[in-house]
>>> print(open('protein-v4.txt').read())   # compact mmCIF, C-alpha atoms
# COMPACT_ATOMS: atom_id res chain seq x y z
CA MET T 6 182.77 16.02 98.91
CA VAL T 7 186.43 15.37 98.12
CA PRO T 8 188.76 14.14 100.89
CA ALA T 9 192.40 14.65 99.93
CA TYR T 10 195.72 13.76 101.50
CA ASN T 11 198.91 14.40 99.50
CA GLU T 12 197.08 14.55 96.18
CA GLU T 13 198.97 17.41 94.51
CA LEU T 14 199.20 15.48 91.23
CA LEU T 15 195.50 14.66 90.90
CA ILE T 16 193.38 17.00 93.01
CA GLN T 17 192.98 19.65 90.29
CA GLU T 18 192.03 17.01 87.72
CA THR T 19 189.53 15.53 90.17
CA ILE T 20 187.80 18.84 90.81
CA GLU T 21 187.70 19.74 87.13
CA GLY T 22 185.82 16.50 86.50
CA VAL T 23 182.99 17.25 88.95
CA PRO T 24 179.77 17.67 86.89
CA ASP T 25 178.14 21.08 86.51
CA TYR T 26 174.94 19.97 88.28
CA VAL T 27 176.81 19.62 91.59
CA ASP T 28 176.05 22.71 93.70
CA ARG T 29 178.99 22.68 96.08
CA ILE T 30 182.36 20.93 96.33
CA TYR T 31 183.77 20.49 99.83
CA VAL T 32 187.48 19.76 99.44
CA ILE T 33 188.99 18.51 102.69
CA ASN T 34 192.77 18.75 102.89
CA ASP T 35 193.72 16.38 105.70
CA CYS T 36 196.98 18.15 106.65
CA SER T 37 198.80 17.18 103.47
CA SER T 38 202.58 17.55 103.48
CA ASP T 39 202.74 18.34 99.76
CA ARG T 40 201.15 21.18 97.73
CA THR T 41 197.58 19.86 97.99
CA GLY T 42 196.41 22.67 100.29
CA GLU T 43 198.02 25.36 98.15
CA ILE T 44 196.40 23.99 94.99
CA ILE T 45 192.98 23.86 96.65
CA ASP T 46 193.25 27.47 97.80
CA LYS T 47 194.08 28.61 94.25
CA MET T 48 191.07 26.90 92.66
CA THR T 49 188.77 29.31 90.85
CA ASP T 50 185.63 27.15 90.70
CA PRO T 51 183.13 29.13 92.82
CA ARG T 52 181.58 25.90 94.07
CA VAL T 53 184.76 24.89 95.91
CA VAL T 54 184.72 25.16 99.72
CA PRO T 55 188.30 24.60 100.99
CA ILE T 56 188.53 22.85 104.37
CA HIS T 57 191.98 22.43 105.92
CA HIS T 58 192.85 20.18 108.85
CA LYS T 59 195.79 21.47 110.91
CA VAL T 60 196.64 17.88 111.91
CA ASN T 61 196.14 14.66 109.99
CA LYS T 62 192.92 13.13 111.33
CA GLY T 63 192.33 10.25 108.89
CA VAL T 64 190.05 9.86 105.90
CA GLY T 65 187.03 8.97 108.05
CA ALA T 66 187.40 12.19 110.04
CA ALA T 67 187.83 14.17 106.82
CA ILE T 68 184.61 12.74 105.42
CA VAL T 69 182.70 13.36 108.65
CA ASN T 70 183.86 16.98 108.63
CA GLY T 71 182.67 17.34 105.06
CA TYR T 72 179.31 15.82 105.98
CA LYS T 73 178.94 18.38 108.78
CA TYR T 74 179.60 21.26 106.38
CA ALA T 75 177.03 19.83 103.95
CA LEU T 76 174.43 19.50 106.70
CA ALA T 77 175.05 23.08 107.81
CA ASP T 78 174.49 24.21 104.22
CA GLU T 79 171.30 22.08 103.98
CA MET T 80 172.52 19.95 101.09
CA ASP T 81 169.93 17.29 100.16
CA LEU T 82 172.36 14.76 98.69
CA VAL T 83 176.05 14.36 99.43
CA ALA T 84 178.39 12.24 97.30
CA VAL T 85 181.99 11.34 98.08
CA MET T 86 184.61 11.36 95.32
CA ALA T 87 188.18 10.80 96.50
CA GLY T 88 190.89 13.26 95.52
CA ASP T 89 192.87 10.66 93.54
CA ASN T 90 190.59 10.87 90.46
CA GLN T 91 189.76 7.15 90.66
CA MET T 92 186.01 7.78 90.76
CA ASP T 93 184.42 8.30 87.35
CA PRO T 94 182.13 11.38 87.41
CA SER T 95 179.97 9.88 84.66
CA GLN T 96 178.87 7.21 87.16
CA LEU T 97 177.61 9.76 89.71
CA PRO T 98 173.95 9.85 88.51
CA ARG T 99 173.72 6.10 89.10
CA LEU T 100 174.49 6.73 92.77
CA LEU T 101 172.15 9.70 93.08
CA PHE T 102 168.97 8.47 91.38
CA PRO T 103 168.13 5.57 93.74
CA ILE T 104 168.11 8.12 96.58
CA ILE T 105 166.13 10.68 94.58
CA GLU T 106 163.59 7.97 93.71
CA GLY T 107 163.22 6.93 97.35
CA LYS T 108 164.75 3.47 96.84
CA ALA T 109 167.75 4.02 99.10
CA ASP T 110 169.18 6.24 101.82
CA TYR T 111 172.80 5.41 100.98
CA THR T 112 174.36 4.11 97.78
CA LYS T 113 177.87 2.86 97.06
CA GLY T 114 179.85 1.56 94.13
CA ASN T 115 180.60 -2.14 93.69
CA ARG T 116 183.58 -3.19 91.54
CA LEU T 117 183.59 -6.89 92.41
CA LEU T 118 180.65 -8.29 90.47
CA SER T 119 182.58 -9.41 87.42
CA LYS T 120 186.09 -9.83 86.05
CA GLU T 121 185.46 -6.99 83.61
CA MET T 122 184.51 -4.59 86.42
CA ARG T 123 187.61 -5.58 88.41
CA LYS T 124 189.90 -4.79 85.48
CA GLY T 125 193.03 -3.09 86.79
CA MET T 126 192.53 -4.38 90.34
CA SER T 127 195.36 -6.63 91.52
CA ALA T 128 194.55 -10.20 92.58
CA TRP T 129 195.75 -9.41 96.11
CA ARG T 130 193.55 -6.32 96.32
CA ALA T 131 190.54 -8.25 95.02
CA PHE T 132 191.21 -11.00 97.60
CA GLY T 133 191.50 -8.45 100.42
CA ASN T 134 188.28 -6.79 99.34
CA GLY T 135 186.59 -10.18 99.28
CA ILE T 136 187.65 -10.93 102.86
CA LEU T 137 186.51 -7.50 104.03
CA SER T 138 183.21 -7.96 102.19
CA LEU T 139 182.51 -11.15 104.12
CA ILE T 140 183.48 -9.62 107.47
CA THR T 141 181.37 -6.54 106.78
CA LYS T 142 178.35 -8.63 105.74
CA ILE T 143 178.52 -10.39 109.12
CA GLY T 144 179.17 -7.21 111.10
CA SER T 145 176.66 -4.92 109.40
CA GLY T 146 173.86 -7.35 108.57
CA TYR T 147 173.75 -6.03 104.99
CA TRP T 148 174.17 -9.41 103.32
CA HIS T 149 173.48 -7.98 99.86
CA ILE T 150 176.42 -5.54 100.08
CA THR T 151 179.84 -6.31 98.56
CA ASP T 152 183.00 -4.21 98.06
CA PRO T 153 182.53 -2.23 101.28
CA GLN T 154 185.87 -0.46 100.75
CA ASN T 155 184.49 1.33 97.72
CA GLY T 156 184.45 4.98 98.81
CA TYR T 157 182.36 6.23 95.89
CA THR T 158 179.10 6.86 97.75
CA ALA T 159 176.05 9.07 98.08
CA ILE T 160 173.82 9.69 101.08
CA SER T 161 170.62 11.60 101.80
CA ARG T 162 170.41 14.48 104.23
CA GLU T 163 167.87 12.53 106.27
CA ALA T 164 170.33 9.66 106.73
CA LEU T 165 173.11 12.06 107.71
CA GLU T 166 170.86 13.70 110.29
CA ALA T 167 170.06 10.28 111.78
CA LEU T 168 173.72 9.25 112.12
CA ASP T 169 175.92 10.02 115.11
CA LEU T 170 178.72 11.41 112.97
CA ASP T 171 181.04 12.00 115.92
CA SER T 172 181.15 8.25 116.58
CA VAL T 173 182.25 7.28 113.04
CA TYR T 174 185.61 5.48 112.78
CA THR T 175 188.32 7.89 111.61
CA TYR T 176 190.65 5.39 109.88
CA TYR T 177 190.04 3.86 106.43
CA GLY T 178 187.49 1.53 108.02
CA TYR T 179 185.00 4.42 108.25
CA CYS T 180 183.14 2.92 105.28
CA ASN T 181 182.59 -0.38 107.11
CA ASP T 182 181.57 1.46 110.27
CA LEU T 183 179.05 3.57 108.36
CA LEU T 184 177.38 0.44 107.00
CA ILE T 185 177.04 -0.96 110.53
CA LYS T 186 175.52 2.29 111.79
CA LEU T 187 173.17 2.67 108.82
CA ASN T 188 171.77 -0.83 109.26
CA ALA T 189 171.35 -0.29 113.02
CA LEU T 190 169.16 2.69 112.11
CA GLY T 191 167.12 0.61 109.65
CA LEU T 192 168.24 2.64 106.64
CA GLN T 193 168.28 1.25 103.11
CA THR T 194 171.65 0.76 101.41
CA ILE T 195 172.21 -0.51 97.89
CA ASP T 196 175.19 -1.42 95.72
CA VAL T 197 175.61 0.22 92.33
CA PRO T 198 177.71 -1.91 89.95
CA MET T 199 180.46 0.08 88.28
CA PRO T 200 183.90 -0.68 86.84
CA ALA T 201 187.11 -0.08 88.76
CA ARG T 202 189.03 2.99 87.62
CA TYR T 203 192.76 3.15 88.23
CA GLY T 204 195.23 5.65 86.90
CA ARG T 205 198.43 7.24 88.18
CA GLU T 206 197.53 6.88 91.86
CA THR T 207 198.93 3.90 93.76
CA SER T 208 197.02 2.64 96.79
CA THR T 209 198.94 2.84 100.07
CA ILE T 210 196.63 0.41 101.85
CA ARG T 211 198.33 -2.78 103.09
CA TYR T 212 195.47 -5.25 103.28
CA GLY T 213 197.02 -7.58 105.85
CA ALA T 214 197.48 -4.78 108.39
CA TYR T 215 194.20 -3.19 107.33
CA ILE T 216 192.17 -6.33 108.00
CA ARG T 217 193.85 -6.90 111.36
CA LYS T 218 192.97 -3.34 112.39
CA VAL T 219 189.50 -2.98 110.91
CA ALA T 220 188.03 -6.45 111.57
CA PRO T 221 187.90 -5.99 115.38
CA MET T 222 186.13 -2.63 114.89
CA ILE T 223 183.52 -4.29 112.66
CA PHE T 224 182.80 -7.03 115.17
CA ARG T 225 182.64 -4.52 118.04
CA GLY T 226 180.06 -2.62 116.02
CA PHE T 227 178.11 -5.84 115.48
CA PHE T 228 178.00 -6.75 119.16
CA CYS T 229 177.37 -3.19 120.32
CA GLY T 230 174.62 -2.54 117.78
CA GLY T 231 176.50 0.10 115.76
>>> encode(input="protein-v4.txt", output="structure tokens")
Amino acid sequence: MVPAYNEELLIQETIEGVPDYVDRIYVINDCSSDRTGEIIDKMTDPRVVPIHHKVNKGVGAAIVNGYKYALADEMDLVAVMAGDNQMDPSQLPRLLFPIIEGKADYTKGNRLLSKEMRKGMSAWRAFGNGILSLITKIGSGYWHITDPQNGYTAISREALEALDLDSVYTYYGYCNDLLIKLNALGLQTIDVPMPARYGRETSTIRYGAYIRKVAPMIFRGFFCGG
């Protein structure tokens, strides 16, 4: 599943990097104002399923929509790889195998375990991720989880069926909200260490505003039980 908003420069490169063993590629164009939608519609890979939002709904809503398509198609495992080509396809098996082996219901990347893995991540971004990690540990109860903003994830169909997808936060904090909901359901989540990967894409997230907006949602989830 590939959520994309104004990714005309990198969306084609991202899709071309998806491994051959992936059965279907749901590409969700979240009402981009550039050529992203046009590029998606011209893709010739038969695995691509173009999904276009007529209004911008947010990355969380885009991912939930993709999850719903995957459930309808009875996909057993669903991974998320953002449309900015920052998620290394060679790392995908490391997210999939813990679920295949029954060790986890949901896996996610973790770039914060060492200086080498954080290479390319600004000090401010690393600090913001550290603050959000602490808040999410408290809110979700997953004390072993770090780097909750890492969107490179995989989830089982059984976990998706258990989740109330319509209640998932639609802003960037969807990833924190998902962790809260997964733990409330007693599902197993694990971190998969992997290096950061940055290229031509520049993050638009402003961590000060992000934390002020997302932190209250996390604590509401904590007190309301997901």
>>> residues_around(input="protein-v4.txt", residues="Val7 in chain T", least_positions_apart="5", cutoff="12 Å", atoms="only C-alpha atoms", output="PyMOL selection string")
chain T and resi 12+15-23+29-35+45+53-57+64-65+67-72+75+83-92+156-158
>>> atom_distance(input="protein-v4.txt", atom1="CA of Gly114 in chain T", atom2="CA of Asp152 in chain T")
7.7 Å
>>> residues_around(input="protein-v4.txt", residues="range 95-101 of chain T", least_positions_apart="5", cutoff="12 Å", atoms="all atoms listed in the file", output="count of residues only")
37
>>> residues_around(input="protein-v4.txt", residues="Tyr147 in chain T", least_positions_apart="6", cutoff="12 Å", atoms="only C-alpha atoms", output="VMD selection string")
chain T and resid 138 to 141 153 181 183 to 189 191 to 196 227
>>> residues_near_point(input="protein-v4.txt", point="(183.0, 4.4, 111.6)", cutoff="9 Å", atoms="all atoms listed in the file", output="PDB file with C-alpha atoms, keeping the file's coordinate frame")
ATOM      1  CA  GLY T  65     187.030   8.970 108.050  1.00  0.00           C
ATOM      2  CA  LEU T 170     178.720  11.410 112.970  1.00  0.00           C
ATOM      3  CA  ASP T 171     181.040  12.000 115.920  1.00  0.00           C
ATOM      4  CA  SER T 172     181.150   8.250 116.580  1.00  0.00           C
ATOM      5  CA  VAL T 173     182.250   7.280 113.040  1.00  0.00           C
ATOM      6  CA  TYR T 174     185.610   5.480 112.780  1.00  0.00           C
ATOM      7  CA  THR T 175     188.320   7.890 111.610  1.00  0.00           C
ATOM      8  CA  TYR T 176     190.650   5.390 109.880  1.00  0.00           C
ATOM      9  CA  TYR T 177     190.040   3.860 106.430  1.00  0.00           C
ATOM     10  CA  GLY T 178     187.490   1.530 108.020  1.00  0.00           C
ATOM     11  CA  TYR T 179     185.000   4.420 108.250  1.00  0.00           C
ATOM     12  CA  CYS T 180     183.140   2.920 105.280  1.00  0.00           C
ATOM     13  CA  ASN T 181     182.590  -0.380 107.110  1.00  0.00           C
ATOM     14  CA  ASP T 182     181.570   1.460 110.270  1.00  0.00           C
ATOM     15  CA  LEU T 183     179.050   3.570 108.360  1.00  0.00           C
ATOM     16  CA  LEU T 184     177.380   0.440 107.000  1.00  0.00           C
ATOM     17  CA  ILE T 185     177.040  -0.960 110.530  1.00  0.00           C
ATOM     18  CA  LYS T 186     175.520   2.290 111.790  1.00  0.00           C
ATOM     19  CA  MET T 222     186.130  -2.630 114.890  1.00  0.00           C
ATOM     20  CA  ILE T 223     183.520  -4.290 112.660  1.00  0.00           C
ATOM     21  CA  GLY T 226     180.060  -2.620 116.020  1.00  0.00           C
ATOM     22  CA  GLY T 231     176.500   0.100 115.760  1.00  0.00           C
TER      23      GLY T 231
END
>>> atom_distance(input="protein-v4.txt", atom1="CA of Trp148 in chain T", atom2="CA of Glu166 in chain T")
24.4 Å
>>> atom_distance(input="protein-v4.txt", atom1="CA of Ala9 in chain T", atom2="CA of Ser37 in chain T")
7.7 Å
